[in-house]
Amino acid sequence: MSEGFIRKFTEEERVAIVEETLQYGSVSLVAAKHGLNPGLISNWKSNYVRYKQTLKPKEDEKESKENLPIDYKRKAKKLEEEIKEKELEIAMLRDLLKKKKRL
């Protein structure tokens, strides 16, 4: 390949390569066959498995937060509660330090 040459693939071509990878089970063999970087095919493959398309869909940040799996929402809520508890604990310790300094 010459320098600066970028090959562009249609969604159908990328899907065909990904399905070939899934069929043979080897990204590196399929990459060698098509003269592509195995990392590129791996990215296509993971996006295909996750989003049913080879390129990651573009989303608004707000939409992506709304579409988070429930586990992440629960973890975020739990972490927020822990932060509030830690802030309360810090406030109590600061208050104790002030009282100790007065004595």
# chains A, B, ... in the order shown; residues from 1 in each chain; ligands from 1

$ residues_around --residues "segment 16-24 of chain A" --least-positions-apart "3" --cutoff "12 Å" --atoms "only C-alpha atoms" --output "VMD selection string"
chain A and resid 9 to 13 27 to 36 38 40 to 49 52 to 55

$ select_by_dssp --residues "chain A" --states "helix (DSSP H, G or I)" --output "ChimeraX atom specification"
/A:11-24,27-34,38-51,61-66,70-102

$ atom_distance --atom1 "atom CA of Arg50 of chain A" --atom2 "atom CA of Ile6 of chain A"
25.6 Å

$ atom_distance --atom1 "atom CA of Arg7 of chain A" --atom2 "atom CA of Asn37 of chain A"
11.9 Å
